[in-house]
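Enquirer: Input file: target_36.cif. Contents: mmCIF, C-alpha atoms and all ligand atoms.
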data_structure
#
loop_
_atom_site.group_PDB
_atom_site.id
_atom_site.type_symbol
_atom_site.label_atom_id
_atom_site.label_comp_id
_atom_site.auth_asym_id
_atom_site.auth_seq_id
_atom_site.Cartn_x
_atom_site.Cartn_y
_atom_site.Cartn_z
ATOM 1 C CA MET J 1 11.015 27.584 -0.085
ATOM 2 C CA ILE J 2 9.313 24.522 1.438
ATOM 3 C CA LYS J 3 6.533 24.886 -1.129
ATOM 4 C CA ALA J 4 9.112 24.739 -3.944
ATOM 5 C CA ILE J 5 11.187 21.886 -2.479
ATOM 6 C CA HIS J 6 8.189 19.608 -1.839
ATOM 7 C CA PRO J 7 7.110 18.809 -5.438
ATOM 8 C CA ILE J 8 10.746 18.627 -6.642
ATOM 9 C CA ALA J 9 11.689 16.136 -3.893
ATOM 10 C CA GLY J 10 8.470 14.159 -4.528
ATOM 11 C CA GLY J 11 9.171 14.099 -8.260
ATOM 12 C CA ILE J 12 12.751 12.881 -7.690
ATOM 13 C CA ALA J 13 11.475 10.104 -5.369
ATOM 14 C CA PHE J 14 8.923 9.021 -7.991
ATOM 15 C CA ALA J 15 11.559 9.126 -10.769
ATOM 16 C CA CYS J 16 13.963 6.958 -8.701
ATOM 17 C CA VAL J 17 11.355 4.261 -8.032
ATOM 18 C CA ALA J 18 10.295 4.381 -11.705
ATOM 19 C CA ALA J 19 13.931 4.064 -12.852
ATOM 20 C CA PHE J 20 14.582 1.072 -10.547
ATOM 21 C CA PHE J 21 11.366 -0.573 -11.766
ATOM 22 C CA GLY J 22 12.004 0.220 -15.444
ATOM 23 C CA GLY J 23 15.640 -0.913 -15.251
ATOM 24 C CA THR J 24 14.614 -4.188 -13.622
ATOM 25 C CA VAL J 25 11.897 -4.924 -16.218
ATOM 26 C CA ALA J 26 14.072 -3.909 -19.197
ATOM 27 C CA THR J 27 17.071 -6.018 -18.153
ATOM 28 C CA LYS J 28 14.846 -8.968 -17.212
ATOM 29 C CA LEU J 29 13.334 -8.836 -20.712
ATOM 30 C CA SER J 30 16.795 -8.482 -22.301
ATOM 31 C CA GLY J 31 17.914 -11.640 -20.477
ATOM 32 C CA SER J 32 21.521 -10.350 -20.452
ATOM 33 C CA PRO J 33 23.293 -11.333 -17.189
ATOM 34 C CA GLU J 34 25.706 -8.374 -17.609
ATOM 35 C CA ALA J 35 22.834 -5.894 -17.908
ATOM 36 C CA ILE J 36 20.926 -7.474 -14.978
ATOM 37 C CA THR J 37 24.090 -7.314 -12.826
ATOM 38 C CA ALA J 38 24.745 -3.675 -13.760
ATOM 39 C CA VAL J 39 21.203 -2.622 -12.800
ATOM 40 C CA LYS J 40 21.120 -4.682 -9.587
ATOM 41 C CA LEU J 41 24.464 -3.205 -8.456
ATOM 42 C CA ALA J 42 23.387 0.350 -9.368
ATOM 43 C CA ILE J 43 20.039 0.303 -7.498
ATOM 44 C CA PRO J 44 21.510 0.439 -3.927
ATOM 45 C CA TRP J 45 23.541 3.532 -4.958
ATOM 46 C CA GLY J 46 20.266 5.079 -6.065
ATOM 47 C CA PHE J 47 19.083 4.907 -2.446
ATOM 48 C CA PHE J 48 21.470 7.793 -1.691
ATOM 49 C CA ILE J 49 19.157 9.901 -3.875
ATOM 50 C CA LEU J 50 15.819 8.199 -3.143
ATOM 51 C CA ILE J 51 15.973 8.209 0.680
ATOM 52 C CA PRO J 52 16.814 11.938 1.126
ATOM 53 C CA ALA J 53 14.270 12.843 -1.589
ATOM 54 C CA MET J 54 11.534 10.783 0.107
ATOM 55 C CA ALA J 55 12.388 12.255 3.537
ATOM 56 C CA ALA J 56 12.354 15.791 2.097
ATOM 57 C CA ALA J 57 9.019 15.223 0.308
ATOM 58 C CA GLY J 58 7.415 13.729 3.435
ATOM 59 C CA GLY J 59 8.879 16.323 5.818
ATOM 60 C CA THR J 60 7.954 19.350 3.696
ATOM 61 C CA GLY J 61 4.531 17.804 3.026
ATOM 62 C CA PHE J 62 3.749 17.381 6.727
ATOM 63 C CA VAL J 63 5.017 20.896 7.552
ATOM 64 C CA GLN J 64 2.867 22.449 4.778
ATOM 65 C CA SER J 65 -0.205 20.464 5.760
ATOM 66 C CA ARG J 66 -0.225 21.348 9.491
ATOM 67 C CA ASP J 67 -3.170 23.752 9.224
ATOM 68 C CA ARG J 68 -4.937 21.926 6.370
ATOM 69 C CA ASP J 69 -7.760 19.454 6.786
ATOM 70 C CA ASP J 70 -8.904 18.827 3.206
ATOM 71 C CA GLN J 71 -9.608 15.237 2.170
ATOM 72 C CA ARG J 72 -6.875 14.978 -0.451
ATOM 73 C CA ILE J 73 -4.163 16.120 1.934
ATOM 74 C CA GLY J 74 -5.552 13.657 4.514
ATOM 75 C CA ALA J 75 -5.276 10.859 1.936
ATOM 76 C CA LYS J 76 -1.675 11.887 1.146
ATOM 77 C CA ARG J 77 -0.844 11.846 4.854
ATOM 78 C CA ARG J 78 -2.368 8.345 5.297
ATOM 79 C CA ARG J 79 -0.493 6.930 2.255
ATOM 80 C CA MET J 80 2.909 8.009 3.521
ATOM 81 C CA PRO J 81 3.378 5.258 6.200
ATOM 82 C CA PHE J 82 2.594 2.584 3.562
ATOM 83 C CA ILE J 83 5.095 4.116 1.116
ATOM 84 C CA VAL J 84 7.811 4.263 3.792
ATOM 85 C CA ALA J 85 7.089 0.775 5.213
ATOM 86 C CA ASN J 86 7.039 -0.744 1.730
ATOM 87 C CA GLY J 87 10.365 0.920 0.968
ATOM 88 C CA CYS J 88 12.122 0.100 4.257
ATOM 89 C CA LEU J 89 10.730 -3.391 4.841
ATOM 90 C CA VAL J 90 10.517 -4.742 1.262
ATOM 91 C CA LEU J 91 12.281 -2.645 -1.385
ATOM 92 C CA ILE J 92 15.563 -1.873 0.403
ATOM 93 C CA PRO J 93 16.173 -5.401 1.797
ATOM 94 C CA ALA J 94 15.160 -6.932 -1.567
ATOM 95 C CA ALA J 95 17.500 -4.621 -3.524
ATOM 96 C CA LEU J 96 20.439 -5.379 -1.190
ATOM 97 C CA PHE J 97 19.794 -9.129 -1.423
ATOM 98 C CA LEU J 98 19.505 -8.975 -5.239
ATOM 99 C CA ALA J 99 22.695 -6.889 -5.555
ATOM 100 C CA ASN J 100 24.557 -9.461 -3.460
ATOM 101 C CA ARG J 101 23.204 -12.385 -5.522
ATOM 102 C CA ALA J 102 23.954 -10.578 -8.814
ATOM 103 C CA ALA J 103 27.528 -9.879 -7.668
ATOM 104 C CA HIS J 104 27.886 -13.668 -7.290
ATOM 105 C CA GLN J 105 26.185 -14.288 -10.650
ATOM 106 C CA ASP J 106 23.464 -16.254 -8.860
ATOM 107 C CA PHE J 107 20.199 -15.728 -10.750
ATOM 108 C CA GLY J 108 18.523 -18.881 -9.394
ATOM 109 C CA PRO J 109 14.932 -19.382 -8.144
ATOM 110 C CA MET J 110 15.512 -17.342 -4.952
ATOM 111 C CA PHE J 111 16.768 -14.386 -7.047
ATOM 112 C CA GLN J 112 13.700 -14.653 -9.314
ATOM 113 C CA ALA J 113 11.287 -14.924 -6.354
ATOM 114 C CA VAL J 114 12.747 -11.901 -4.536
ATOM 115 C CA GLN J 115 12.800 -9.920 -7.795
ATOM 116 C CA THR J 116 9.102 -10.674 -8.322
ATOM 117 C CA VAL J 117 8.333 -9.415 -4.795
ATOM 118 C CA GLU J 118 10.481 -6.324 -5.514
ATOM 119 C CA LEU J 119 8.537 -5.629 -8.730
ATOM 120 C CA ILE J 120 5.160 -5.921 -6.961
ATOM 121 C CA ALA J 121 6.279 -3.662 -4.067
ATOM 122 C CA GLY J 122 7.833 -1.209 -6.567
ATOM 123 C CA ALA J 123 4.610 -1.055 -8.604
ATOM 124 C CA LEU J 124 2.599 -0.456 -5.413
ATOM 125 C CA ASN J 125 4.875 2.438 -4.387
ATOM 126 C CA LEU J 126 4.691 3.924 -7.887
ATOM 127 C CA VAL J 127 0.880 3.935 -7.660
ATOM 128 C CA LEU J 128 0.892 5.454 -4.138
ATOM 129 C CA LEU J 129 3.469 8.119 -5.103
ATOM 130 C CA GLY J 130 1.514 8.814 -8.304
ATOM 131 C CA LEU J 131 -1.683 9.326 -6.259
ATOM 132 C CA ASN J 132 0.218 11.729 -3.954
ATOM 133 C CA ILE J 133 1.399 13.718 -6.978
ATOM 134 C CA ARG J 134 -2.151 13.824 -8.419
ATOM 135 C CA ASP J 135 -3.680 14.903 -5.090
ATOM 136 C CA GLY J 136 -0.894 17.479 -4.643
ATOM 137 C CA PHE J 137 -1.646 19.039 -8.037
ATOM 138 C CA ILE J 138 -5.395 19.031 -7.297
ATOM 139 C CA SER J 139 -4.883 20.646 -3.859
ATOM 140 C CA ALA J 140 -2.610 23.274 -5.396
ATOM 141 C CA GLY J 141 -5.316 23.955 -8.014
ATOM 142 C CA ARG J 142 -3.106 22.950 -10.934
ATOM 143 C CA ILE J 143 -5.431 20.188 -12.121
ATOM 144 C CA LYS J 144 -9.213 19.995 -11.863
ATOM 145 C CA ASP J 145 -10.848 17.858 -9.194
ATOM 146 C CA LYS J 146 -13.246 15.704 -11.283
ATOM 147 C CA THR J 147 -15.054 14.387 -8.174
ATOM 148 C CA LEU J 148 -16.226 17.945 -7.412
ATOM 149 C CA THR J 149 -18.075 18.031 -10.747
ATOM 150 C CA LEU J 150 -19.946 14.852 -9.775
ATOM 151 C CA ARG J 151 -21.011 16.326 -6.425
ATOM 152 C CA ARG J 152 -22.357 19.593 -7.910
ATOM 153 C CA VAL J 153 -26.159 20.019 -7.597
ATOM 154 C CA PRO J 154 -27.737 20.955 -10.973
HETATM 155 C C1 LIG Q 1 6.466 11.470 -1.345
HETATM 156 C C2 LIG Q 1 5.199 11.664 -1.500
HETATM 157 C C3 LIG Q 1 4.639 12.953 -2.037
HETATM 158 C C4 LIG Q 1 4.675 13.439 -3.313
HETATM 159 C C5 LIG Q 1 5.297 12.752 -4.509
HETATM 160 C C6 LIG Q 1 3.988 14.723 -3.306
HETATM 161 C C7 LIG Q 1 3.807 15.534 -4.413
HETATM 162 C C8 LIG Q 1 3.184 16.773 -4.400
HETATM 163 C C9 LIG Q 1 3.025 17.635 -5.542
HETATM 164 C C10 LIG Q 1 3.480 17.331 -6.953
HETATM 165 C C11 LIG Q 1 2.363 18.746 -5.127
HETATM 166 C C12 LIG Q 1 1.928 19.942 -6.001
HETATM 167 C C13 LIG Q 1 2.753 21.182 -5.710
HETATM 168 C C14 LIG Q 1 2.409 22.323 -6.598
HETATM 169 O O1 LIG Q 1 1.886 22.136 -7.691
HETATM 170 O O2 LIG Q 1 2.677 23.465 -6.184
HETATM 171 C C15 LIG Q 1 2.140 18.617 -3.722
HETATM 172 C C16 LIG Q 1 1.510 19.561 -2.924
HETATM 173 C C17 LIG Q 1 1.250 19.392 -1.586
HETATM 174 N N1 LIG Q 1 1.499 18.266 -0.831
HETATM 175 FE FE1 LIG Q 1 2.546 16.639 -1.405
HETATM 176 N N2 LIG Q 1 3.555 14.973 -2.037
HETATM 177 C C18 LIG Q 1 3.937 13.922 -1.225
HETATM 178 C C19 LIG Q 1 3.695 13.765 0.117
HETATM 179 C C20 LIG Q 1 2.958 14.643 0.878
HETATM 180 C C21 LIG Q 1 2.646 14.448 2.274
HETATM 181 C C22 LIG Q 1 3.045 13.236 3.123
HETATM 182 C C23 LIG Q 1 1.934 15.516 2.666
HETATM 183 C C24 LIG Q 1 1.388 15.788 4.026
HETATM 184 C C25 LIG Q 1 0.287 15.289 4.398
HETATM 185 C C26 LIG Q 1 1.786 16.417 1.514
HETATM 186 C C27 LIG Q 1 1.148 17.637 1.522
HETATM 187 C C28 LIG Q 1 1.073 18.505 0.463
HETATM 188 C C29 LIG Q 1 0.523 19.853 0.541
HETATM 189 C C30 LIG Q 1 -0.066 20.529 1.783
HETATM 190 C C31 LIG Q 1 0.652 20.412 -0.740
HETATM 191 C C32 LIG Q 1 0.308 21.856 -1.156
HETATM 192 C C33 LIG Q 1 -1.029 21.994 -1.743
HETATM 193 C C34 LIG Q 1 -1.255 23.472 -2.032
HETATM 194 O O3 LIG Q 1 -0.354 24.159 -2.518
HETATM 195 O O4 LIG Q 1 -2.349 23.877 -1.770
HETATM 196 N N3 LIG Q 1 2.434 15.832 0.451
HETATM 197 N N4 LIG Q 1 2.632 17.403 -3.298
#
Before anything else, please render the file you have as structure tokens.
Ligand code: HEM
Expert:
Amino acid sequence: MIKAIHPIAGGIAFACVAAFFGGTVATKLSGSPEAITAVKLAIPWGFFILIPAMAAAGGTGFVQSRDRDDQRIGAKRRRMPFIVANGCLVLIPAALFLANRAAHQDFGPMFQAVQTVELIAGALNLVLLGLNIRDGFISAGRIKDKTLTLRRVP
């Protein structure tokens, strides 16, 4: 059960962060204040999906990895505090601030600055979550570990 929930929860968490990032970039490029407002007001609602999914992925990951000491699982374990801190300390406060500003139709320099920080933090979390997915698939034997090929003695 835990084995099945883990990749689904991880995939949902990744998809949420990707959707927030993609929505922000797309509406910024469109330049439409209505579209920007719609996305900024929708993102905090998305936290009701993202936060439980992230907690489920982390929790099931740690439970599954209790008796494992391979390098890739170790790397996944070490990435998790950065993913969570980035989300709780940067992404959530930034999204709430931006939703509030968008509700007041205030897209001034402070909005732009916080949105830039949000995009950088979002990109960082996408990379870290992506690495956790890759290392998960390698550990589960679903994709080949290319570094093993390099280490093999001829
Ligand atoms: C939210 C971040 C994470 C994501 C997106 C994620 C994603 C994945 C994915 C896609 C798999 C492959 C499952 C399969 O193909 O059956 C996997 C496996 C696994 N992950 Fe994670 N994971 C995350 C966090 C963690 C954490 C924090 C740990 C604990 C250190 C962890 C430990 C494991 C273990 C032990 C496996 C099973 C490997 C096996 O079957 O041999 N994961 N993960």
Enquirer: Residues up to 9 Å from ligand LIG 1 (chain Q), counting all atoms listed in the file: could you list those as an MDAnalysis selection string?
Expert: chainID J and resid 3:4 6:14 53:68 72:81 83:84 128:143
Enquirer: Where does the PyMOL selection byres (((chain J and resi 122) around 10) and not hetatm) land in this file, that is, which residues does it pick, as a PyMOL selection string?
Expert: chain J and resi 17-18+20-22+83+86-87+90-91+116-121+123-128
Enquirer: Have a look at atom CA of J:Phe111 and atom CA of J:Leu98 and let me know their distance in Å, one decimal.
Expert: 6.3 Å
Enquirer: Please compute the atom CA of J:Ile51-atom CA of J:Ile2 distance, one decimal, in Å.
Expert: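 Interatomic distance, atom CA of J:Ile51 to atom CA of J:Ile2: 17.6 Å.
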Enquirer: When the PyMOL selection byres (((chain J and resi 40) around 8) and not hetatm) is applied to the file above, which residues end up in the set, as a PyMOL selection string?
Expert: chain J and resi 24+36-39+41-44+95+98-99+102
Enquirer: Show me the residues close to (20.5, -12.0, -4.1) - anything with an atom within 10 Å, counting only C-alpha atoms - and format the list as a list in words.
Expert: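 Result, sorted by chain then residue number: Lys40, Pro93, Ala94, Ala95, Leu96, Phe97, Leu98, Ala99, Asn100, Arg101, Ala102, Ala103, His104, Gln105, Asp106, Phe107, Gly108, Met110, Phe111, Gln112, Ala113, Val114 and Gln115 of chain J.
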Enquirer: Would you mind reading off the distance between atom CA of J:Trp45 and atom CA of J:Ile92, one decimal, in Å?
Expert: 11.0 Å
Enquirer: Would you mind telling me which residue in J:Val25, J:Leu50, J:Cys16, J:Gln71 lies nearest to J:Thr147 when using all atoms listed in the file?
Expert: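 The answer is J:Gln71, which sits nearest to J:Thr147.
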Enquirer: Compare J:Ala19, J:Asp145, J:Pro109, J:Leu89 by their minimum atom-to-atom distance to J:Ile49, counting all atoms listed in the file, and give me the closest one.
Expert: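 Going through J:Ala19, J:Asp145, J:Pro109, J:Leu89 one by one, the smallest distance to J:Ile49 is for J:Ala19.
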Enquirer: Any chance you could turn stretch 83-145 of chain J into a file with C-alpha atoms, as a PDB file, in the first residue's frame?
Expert:
ATOM      1  CA  ILE J  83      12.113  20.984  -0.459  1.00  0.00           C
ATOM      2  CA  VAL J  84       9.985  21.503   2.665  1.00  0.00           C
ATOM      3  CA  ALA J  85      11.860  24.632   3.847  1.00  0.00           C
ATOM      4  CA  ASN J  86      11.688  26.170   0.376  1.00  0.00           C
ATOM      5  CA  GLY J  87       7.956  25.478   0.266  1.00  0.00           C
ATOM      6  CA  CYS J  88       7.105  26.656   3.796  1.00  0.00           C
ATOM      7  CA  LEU J  89       9.464  29.630   4.035  1.00  0.00           C
ATOM      8  CA  VAL J  90       9.384  30.964   0.444  1.00  0.00           C
ATOM      9  CA  LEU J  91       6.675  29.484  -1.790  1.00  0.00           C
ATOM     10  CA  ILE J  92       3.684  29.576   0.578  1.00  0.00           C
ATOM     11  CA  PRO J  93       4.304  33.102   1.972  1.00  0.00           C
ATOM     12  CA  ALA J  94       5.068  34.389  -1.555  1.00  0.00           C
ATOM     13  CA  ALA J  95       1.881  32.841  -3.001  1.00  0.00           C
ATOM     14  CA  LEU J  96      -0.277  34.300  -0.195  1.00  0.00           C
ATOM     15  CA  PHE J  97       1.297  37.744  -0.633  1.00  0.00           C
ATOM     16  CA  LEU J  98       0.842  37.615  -4.434  1.00  0.00           C
ATOM     17  CA  ALA J  99      -2.793  36.469  -4.119  1.00  0.00           C
ATOM     18  CA  ASN J 100      -3.488  39.392  -1.786  1.00  0.00           C
ATOM     19  CA  ARG J 101      -1.795  41.897  -4.129  1.00  0.00           C
ATOM     20  CA  ALA J 102      -3.582  40.441  -7.187  1.00  0.00           C
ATOM     21  CA  ALA J 103      -6.945  40.698  -5.400  1.00  0.00           C
ATOM     22  CA  HIS J 104      -6.199  44.433  -5.055  1.00  0.00           C
ATOM     23  CA  GLN J 105      -5.028  44.658  -8.682  1.00  0.00           C
ATOM     24  CA  ASP J 106      -1.603  45.777  -7.459  1.00  0.00           C
ATOM     25  CA  PHE J 107       1.005  44.443  -9.893  1.00  0.00           C
ATOM     26  CA  GLY J 108       3.681  46.995  -8.939  1.00  0.00           C
ATOM     27  CA  PRO J 109       7.439  46.484  -8.368  1.00  0.00           C
ATOM     28  CA  MET J 110       6.918  44.594  -5.075  1.00  0.00           C
ATOM     29  CA  PHE J 111       4.558  42.137  -6.837  1.00  0.00           C
ATOM     30  CA  GLN J 112       7.126  41.629  -9.625  1.00  0.00           C
ATOM     31  CA  ALA J 113      10.014  41.168  -7.156  1.00  0.00           C
ATOM     32  CA  VAL J 114       8.150  38.602  -5.031  1.00  0.00           C
ATOM     33  CA  GLN J 115       6.982  36.791  -8.178  1.00  0.00           C
ATOM     34  CA  THR J 116      10.588  36.539  -9.380  1.00  0.00           C
ATOM     35  CA  VAL J 117      11.614  35.032  -6.019  1.00  0.00           C
ATOM     36  CA  GLU J 118       8.623  32.649  -6.264  1.00  0.00           C
ATOM     37  CA  LEU J 119       9.697  31.539  -9.760  1.00  0.00           C
ATOM     38  CA  ILE J 120      13.290  30.870  -8.636  1.00  0.00           C
ATOM     39  CA  ALA J 121      12.145  28.922  -5.533  1.00  0.00           C
ATOM     40  CA  GLY J 122       9.567  27.039  -7.651  1.00  0.00           C
ATOM     41  CA  ALA J 123      12.209  26.078 -10.231  1.00  0.00           C
ATOM     42  CA  LEU J 124      14.527  24.882  -7.440  1.00  0.00           C
ATOM     43  CA  ASN J 125      11.781  22.678  -5.951  1.00  0.00           C
ATOM     44  CA  LEU J 126      10.926  21.287  -9.389  1.00  0.00           C
ATOM     45  CA  VAL J 127      14.571  20.248  -9.853  1.00  0.00           C
ATOM     46  CA  LEU J 128      14.786  18.700  -6.349  1.00  0.00           C
ATOM     47  CA  LEU J 129      11.459  16.848  -6.769  1.00  0.00           C
ATOM     48  CA  GLY J 130      12.546  15.736 -10.252  1.00  0.00           C
ATOM     49  CA  LEU J 131      15.803  14.334  -8.804  1.00  0.00           C
ATOM     50  CA  ASN J 132      13.774  12.472  -6.136  1.00  0.00           C
ATOM     51  CA  ILE J 133      11.579  10.949  -8.849  1.00  0.00           C
ATOM     52  CA  ARG J 134      14.651   9.931 -10.903  1.00  0.00           C
ATOM     53  CA  ASP J 135      16.408   8.398  -7.878  1.00  0.00           C
ATOM     54  CA  GLY J 136      13.161   6.653  -6.874  1.00  0.00           C
ATOM     55  CA  PHE J 137      12.843   5.035 -10.309  1.00  0.00           C
ATOM     56  CA  ILE J 138      16.527   4.019 -10.256  1.00  0.00           C
ATOM     57  CA  SER J 139      16.227   2.514  -6.744  1.00  0.00           C
ATOM     58  CA  ALA J 140      13.095   0.631  -7.781  1.00  0.00           C
ATOM     59  CA  GLY J 141      15.002  -0.685 -10.826  1.00  0.00           C
ATOM     60  CA  ARG J 142      12.655   0.950 -13.324  1.00  0.00           C
ATOM     61  CA  ILE J 143      15.382   3.016 -14.978  1.00  0.00           C
ATOM     62  CA  LYS J 144      19.060   2.181 -15.410  1.00  0.00           C
ATOM     63  CA  ASP J 145      21.661   3.734 -13.132  1.00  0.00           C
TER      64      ASP J 145
END
